[in-house]
$ cat work-v7.cif   # mmCIF, N, CA and C atoms
data_start
loop_
_atom_site.label_atom_id
_atom_site.label_comp_id
_atom_site.auth_asym_id
_atom_site.auth_seq_id
_atom_site.Cartn_x
_atom_site.Cartn_y
_atom_site.Cartn_z
N MET F 564 47.81 95.84 98.51
CA MET F 564 48.10 96.54 97.28
C MET F 564 46.77 97.01 96.68
N ASN F 565 46.72 98.25 96.31
CA ASN F 565 45.54 98.81 95.66
C ASN F 565 45.77 98.85 94.16
N VAL F 566 44.77 98.42 93.43
CA VAL F 566 44.83 98.42 91.97
C VAL F 566 44.02 99.61 91.48
N ASN F 567 44.64 100.39 90.61
CA ASN F 567 43.93 101.51 90.01
C ASN F 567 43.00 100.93 88.94
N LEU F 568 41.71 100.89 89.26
CA LEU F 568 40.74 100.24 88.38
C LEU F 568 40.57 100.97 87.06
N GLU F 569 40.72 102.29 87.07
CA GLU F 569 40.63 103.07 85.82
C GLU F 569 41.75 102.68 84.88
N LYS F 570 42.97 102.60 85.40
CA LYS F 570 44.12 102.22 84.57
C LYS F 570 43.98 100.78 84.07
N LEU F 571 43.48 99.91 84.94
CA LEU F 571 43.31 98.51 84.56
C LEU F 571 42.27 98.38 83.45
N LYS F 572 41.17 99.08 83.59
CA LYS F 572 40.12 99.05 82.57
C LYS F 572 40.65 99.58 81.24
N ASN F 573 41.42 100.66 81.30
CA ASN F 573 42.02 101.24 80.09
C ASN F 573 42.99 100.25 79.45
N LEU F 574 43.81 99.59 80.27
CA LEU F 574 44.78 98.63 79.76
C LEU F 574 44.08 97.49 79.03
N ILE F 575 43.04 96.96 79.62
CA ILE F 575 42.34 95.82 79.04
C ILE F 575 41.56 96.22 77.78
N SER F 576 40.92 97.36 77.82
CA SER F 576 40.03 97.72 76.72
C SER F 576 40.72 98.47 75.58
N LYS F 577 41.76 99.24 75.88
CA LYS F 577 42.35 100.08 74.84
C LYS F 577 43.82 99.80 74.56
N ARG F 578 44.45 99.01 75.41
CA ARG F 578 45.88 98.76 75.24
C ARG F 578 46.19 97.26 75.18
N SER F 579 45.24 96.49 74.68
CA SER F 579 45.43 95.03 74.66
C SER F 579 46.62 94.61 73.81
N GLU F 580 47.02 95.44 72.85
CA GLU F 580 48.19 95.10 72.04
C GLU F 580 49.45 95.08 72.90
N GLU F 581 49.50 95.88 73.93
CA GLU F 581 50.65 95.87 74.84
C GLU F 581 50.68 94.56 75.63
N ILE F 582 49.51 94.07 75.99
CA ILE F 582 49.43 92.78 76.68
C ILE F 582 49.92 91.68 75.75
N GLU F 583 49.48 91.72 74.50
CA GLU F 583 49.90 90.71 73.53
C GLU F 583 51.41 90.71 73.36
N LYS F 584 52.02 91.88 73.30
CA LYS F 584 53.48 91.97 73.17
C LYS F 584 54.18 91.43 74.41
N SER F 585 53.62 91.70 75.58
CA SER F 585 54.28 91.26 76.82
C SER F 585 54.24 89.75 77.01
N VAL F 586 53.23 89.07 76.46
CA VAL F 586 53.14 87.62 76.61
C VAL F 586 53.81 86.86 75.47
N ALA F 587 54.17 87.56 74.41
CA ALA F 587 54.76 86.89 73.24
C ALA F 587 55.97 86.06 73.64
N GLY F 588 55.93 84.79 73.27
CA GLY F 588 57.06 83.90 73.53
C GLY F 588 57.15 83.36 74.94
N THR F 589 56.18 83.65 75.78
CA THR F 589 56.23 83.20 77.17
C THR F 589 55.45 81.92 77.43
N GLY F 590 54.59 81.55 76.48
CA GLY F 590 53.73 80.39 76.69
C GLY F 590 52.38 80.76 77.29
N TYR F 591 52.24 82.01 77.71
CA TYR F 591 50.96 82.50 78.23
C TYR F 591 50.15 83.08 77.07
N LEU F 592 48.85 83.07 77.22
CA LEU F 592 47.97 83.65 76.22
C LEU F 592 47.50 85.02 76.67
N ALA F 593 47.39 85.92 75.72
CA ALA F 593 46.90 87.27 76.03
C ALA F 593 45.51 87.21 76.63
N LYS F 594 44.66 86.31 76.13
CA LYS F 594 43.29 86.23 76.65
C LYS F 594 43.27 85.77 78.10
N THR F 595 44.26 84.99 78.51
CA THR F 595 44.35 84.58 79.92
C THR F 595 44.68 85.78 80.79
N VAL F 596 45.64 86.59 80.35
CA VAL F 596 46.03 87.78 81.09
C VAL F 596 44.87 88.77 81.15
N ILE F 597 44.18 88.94 80.04
CA ILE F 597 43.02 89.83 80.01
C ILE F 597 41.92 89.29 80.93
N GLY F 598 41.77 87.98 80.97
CA GLY F 598 40.80 87.36 81.87
C GLY F 598 41.10 87.64 83.33
N VAL F 599 42.37 87.60 83.70
CA VAL F 599 42.76 87.92 85.08
C VAL F 599 42.44 89.39 85.38
N GLY F 600 42.72 90.26 84.43
CA GLY F 600 42.39 91.67 84.61
C GLY F 600 40.90 91.90 84.74
N THR F 601 40.13 91.20 83.94
CA THR F 601 38.67 91.31 84.00
C THR F 601 38.15 90.79 85.33
N PHE F 602 38.72 89.70 85.82
CA PHE F 602 38.35 89.17 87.13
C PHE F 602 38.57 90.23 88.21
N LEU F 603 39.71 90.90 88.15
CA LEU F 603 39.99 91.95 89.12
C LEU F 603 38.99 93.10 89.02
N LEU F 604 38.67 93.50 87.82
CA LEU F 604 37.68 94.57 87.64
C LEU F 604 36.33 94.15 88.21
N ASP F 605 35.93 92.93 87.91
CA ASP F 605 34.64 92.44 88.39
C ASP F 605 34.57 92.36 89.92
N ASN F 606 35.72 92.20 90.55
CA ASN F 606 35.77 92.07 92.00
C ASN F 606 36.36 93.31 92.66
N GLU F 607 36.22 94.44 91.98
CA GLU F 607 36.62 95.74 92.52
C GLU F 607 38.07 95.79 92.98
N GLY F 608 38.93 95.07 92.26
CA GLY F 608 40.36 95.11 92.54
C GLY F 608 40.80 94.33 93.77
N ASP F 609 39.95 93.45 94.28
CA ASP F 609 40.28 92.69 95.49
C ASP F 609 41.22 91.54 95.14
N ILE F 610 42.50 91.77 95.32
CA ILE F 610 43.53 90.78 94.98
C ILE F 610 43.42 89.53 95.86
N ASP F 611 42.89 89.67 97.04
CA ASP F 611 42.76 88.52 97.94
C ASP F 611 41.84 87.43 97.39
N LEU F 612 40.99 87.75 96.44
CA LEU F 612 40.08 86.76 95.86
C LEU F 612 40.73 85.96 94.73
N MET F 613 41.93 86.36 94.34
CA MET F 613 42.62 85.69 93.24
C MET F 613 43.30 84.41 93.71
N THR F 614 43.41 83.44 92.80
CA THR F 614 44.17 82.23 93.09
C THR F 614 45.66 82.56 92.99
N ALA F 615 46.48 81.64 93.42
CA ALA F 615 47.93 81.85 93.33
C ALA F 615 48.38 82.03 91.88
N LYS F 616 47.81 81.26 90.96
CA LYS F 616 48.18 81.37 89.55
C LYS F 616 47.75 82.72 88.97
N GLN F 617 46.57 83.19 89.36
CA GLN F 617 46.11 84.49 88.89
C GLN F 617 47.03 85.60 89.40
N LYS F 618 47.48 85.48 90.64
CA LYS F 618 48.39 86.48 91.21
C LYS F 618 49.71 86.52 90.45
N VAL F 619 50.21 85.35 90.08
CA VAL F 619 51.46 85.28 89.31
C VAL F 619 51.29 85.99 87.98
N ILE F 620 50.18 85.73 87.31
CA ILE F 620 49.92 86.36 86.01
C ILE F 620 49.78 87.87 86.18
N PHE F 621 49.08 88.29 87.21
CA PHE F 621 48.91 89.72 87.48
C PHE F 621 50.27 90.38 87.70
N GLU F 622 51.09 89.79 88.56
CA GLU F 622 52.38 90.38 88.91
C GLU F 622 53.36 90.33 87.74
N LYS F 623 53.27 89.30 86.91
CA LYS F 623 54.22 89.14 85.81
C LYS F 623 53.87 90.01 84.59
N PHE F 624 52.59 90.18 84.31
CA PHE F 624 52.20 90.87 83.08
C PHE F 624 51.44 92.17 83.30
N LEU F 625 50.42 92.16 84.13
CA LEU F 625 49.58 93.35 84.26
C LEU F 625 50.23 94.44 85.10
N LEU F 626 50.80 94.09 86.22
CA LEU F 626 51.39 95.09 87.11
C LEU F 626 52.49 95.92 86.44
N PRO F 627 53.42 95.28 85.72
CA PRO F 627 54.43 96.11 85.02
C PRO F 627 53.83 97.07 84.00
N LEU F 628 52.78 96.64 83.30
CA LEU F 628 52.15 97.53 82.33
C LEU F 628 51.37 98.66 83.02
N LEU F 629 50.80 98.36 84.16
CA LEU F 629 50.07 99.39 84.90
C LEU F 629 51.02 100.43 85.50
N ASN F 630 52.22 99.98 85.87
CA ASN F 630 53.19 100.88 86.50
C ASN F 630 54.10 101.60 85.50
N ALA F 631 54.09 101.12 84.26
CA ALA F 631 54.98 101.72 83.24
C ALA F 631 54.50 103.12 82.89
N PRO F 632 55.45 104.06 82.74
CA PRO F 632 55.05 105.40 82.29
C PRO F 632 54.52 105.35 80.87
N ARG F 633 53.49 106.10 80.62
CA ARG F 633 52.89 106.14 79.27
C ARG F 633 53.77 106.96 78.35
N ARG F 634 53.93 106.51 77.12
CA ARG F 634 54.74 107.20 76.12
C ARG F 634 53.91 108.18 75.35
#
$ encode --input "work-v7.cif" --output "C-alpha cells"
Amino acid sequence: MNVNLEKLKNLISKRSEEIEKSVAGTGYLAKTVIGVGTFLLDNEGDIDLMTAKQKVIFEKFLLPLLNAPRR
C-alpha cells in the first residue's frame, strides 16, 4: 500500500480537528493517531516499519480520513 505523503502531511498539520472528531469516544487519543502519522512521514510512508498496533491505528483512523472525499 502506498501512502500519499502530501495528503498525510496535510491531514496532520491542517486537519487535526478531523482526527480529534474521529477518535472521540473510542478511547484513543488524537495525539497517538497524529504520532502514528508522523512516524509514517518520518519513514517515507514505509508501512512495513510500523508495529501491529500502529497499523491498526493507521487503518482505523488515518486511512479513512485520507481516502474520504474533501468537502
$ atom_distance --input "work-v7.cif" --atom1 "atom C of F:Leu568" --atom2 "atom CA of F:Leu604"
7.0 Å
$ resolve_selection --input "work-v7.cif" --expression "the PyMOL selection byres (((chain F and resi 566 and name CA) around 12) and name CA)" --output "ChimeraX atom specification"
/F:564-565,567-572,600,603-604,606-611,621-622,625-626,629-630
$ write_last_selection --input "work-v7.cif" --atoms "N, CA and C atoms" --output "short mmCIF file (atom, residue, chain, number, x, y, z; two decimals), in the frame of the given file"
data_model
loop_
_atom_site.label_atom_id
_atom_site.label_comp_id
_atom_site.auth_asym_id
_atom_site.auth_seq_id
_atom_site.Cartn_x
_atom_site.Cartn_y
_atom_site.Cartn_z
N MET F 564 47.81 95.84 98.51
CA MET F 564 48.10 96.54 97.28
C MET F 564 46.77 97.01 96.68
N ASN F 565 46.72 98.25 96.31
CA ASN F 565 45.54 98.81 95.66
C ASN F 565 45.77 98.85 94.16
N ASN F 567 44.64 100.39 90.61
CA ASN F 567 43.93 101.51 90.01
C ASN F 567 43.00 100.93 88.94
N LEU F 568 41.71 100.89 89.26
CA LEU F 568 40.74 100.24 88.38
C LEU F 568 40.57 100.97 87.06
N GLU F 569 40.72 102.29 87.07
CA GLU F 569 40.63 103.07 85.82
C GLU F 569 41.75 102.68 84.88
N LYS F 570 42.97 102.60 85.40
CA LYS F 570 44.12 102.22 84.57
C LYS F 570 43.98 100.78 84.07
N LEU F 571 43.48 99.91 84.94
CA LEU F 571 43.31 98.51 84.56
C LEU F 571 42.27 98.38 83.45
N LYS F 572 41.17 99.08 83.59
CA LYS F 572 40.12 99.05 82.57
C LYS F 572 40.65 99.58 81.24
N GLY F 600 42.72 90.26 84.43
CA GLY F 600 42.39 91.67 84.61
C GLY F 600 40.90 91.90 84.74
N LEU F 603 39.71 90.90 88.15
CA LEU F 603 39.99 91.95 89.12
C LEU F 603 38.99 93.10 89.02
N LEU F 604 38.67 93.50 87.82
CA LEU F 604 37.68 94.57 87.64
C LEU F 604 36.33 94.15 88.21
N ASN F 606 35.72 92.20 90.55
CA ASN F 606 35.77 92.07 92.00
C ASN F 606 36.36 93.31 92.66
N GLU F 607 36.22 94.44 91.98
CA GLU F 607 36.62 95.74 92.52
C GLU F 607 38.07 95.79 92.98
N GLY F 608 38.93 95.07 92.26
CA GLY F 608 40.36 95.11 92.54
C GLY F 608 40.80 94.33 93.77
N ASP F 609 39.95 93.45 94.28
CA ASP F 609 40.28 92.69 95.49
C ASP F 609 41.22 91.54 95.14
N ILE F 610 42.50 91.77 95.32
CA ILE F 610 43.53 90.78 94.98
C ILE F 610 43.42 89.53 95.86
N ASP F 611 42.89 89.67 97.04
CA ASP F 611 42.76 88.52 97.94
C ASP F 611 41.84 87.43 97.39
N PHE F 621 49.08 88.29 87.21
CA PHE F 621 48.91 89.72 87.48
C PHE F 621 50.27 90.38 87.70
N GLU F 622 51.09 89.79 88.56
CA GLU F 622 52.38 90.38 88.91
C GLU F 622 53.36 90.33 87.74
N LEU F 625 50.42 92.16 84.13
CA LEU F 625 49.58 93.35 84.26
C LEU F 625 50.23 94.44 85.10
N LEU F 626 50.80 94.09 86.22
CA LEU F 626 51.39 95.09 87.11
C LEU F 626 52.49 95.92 86.44
N LEU F 629 50.80 98.36 84.16
CA LEU F 629 50.07 99.39 84.90
C LEU F 629 51.02 100.43 85.50
N ASN F 630 52.22 99.98 85.87
CA ASN F 630 53.19 100.88 86.50
C ASN F 630 54.10 101.60 85.50
#
$ atom_distance --input "work-v7.cif" --atom1 "atom CA of F:Val619" --atom2 "atom CA of F:Glu580"
20.1 Å
$ atom_distance --input "work-v7.cif" --atom1 "atom CA of F:Arg633" --atom2 "atom CA of F:Met613"
26.8 Å
$ residues_around --input "work-v7.cif" --residues "stretch 590-598 of chain F" --least-positions-apart "2" --cutoff "8 Å" --atoms "all atoms listed in the file" --output "list in words"
Leu574, Ile575, Ser579, Ile582, Glu583, Lys584, Ser585, Val586, Ala587, Gly588, Gly600, Thr601, Phe602, Leu603, Leu604, Ile620, Phe621, Phe624 and Leu625 of chain F
$ axis_aligned_box --input "work-v7.cif" --around "stretch 594-609 of chain F" --padding-each-side "6 Å" --output "lines of an AutoDock Vina configuration file"
center_x = 40.3
center_y = 90.2
center_z = 85.8
size_x = 23.5
size_y = 23.2
size_z = 31.4
$ closest_residue --input "work-v7.cif" --among "F:Gln617, F:Lys623, F:Asp605, F:Leu628" --to "F:Arg578" --atoms "only C-alpha atoms"
F:Leu628
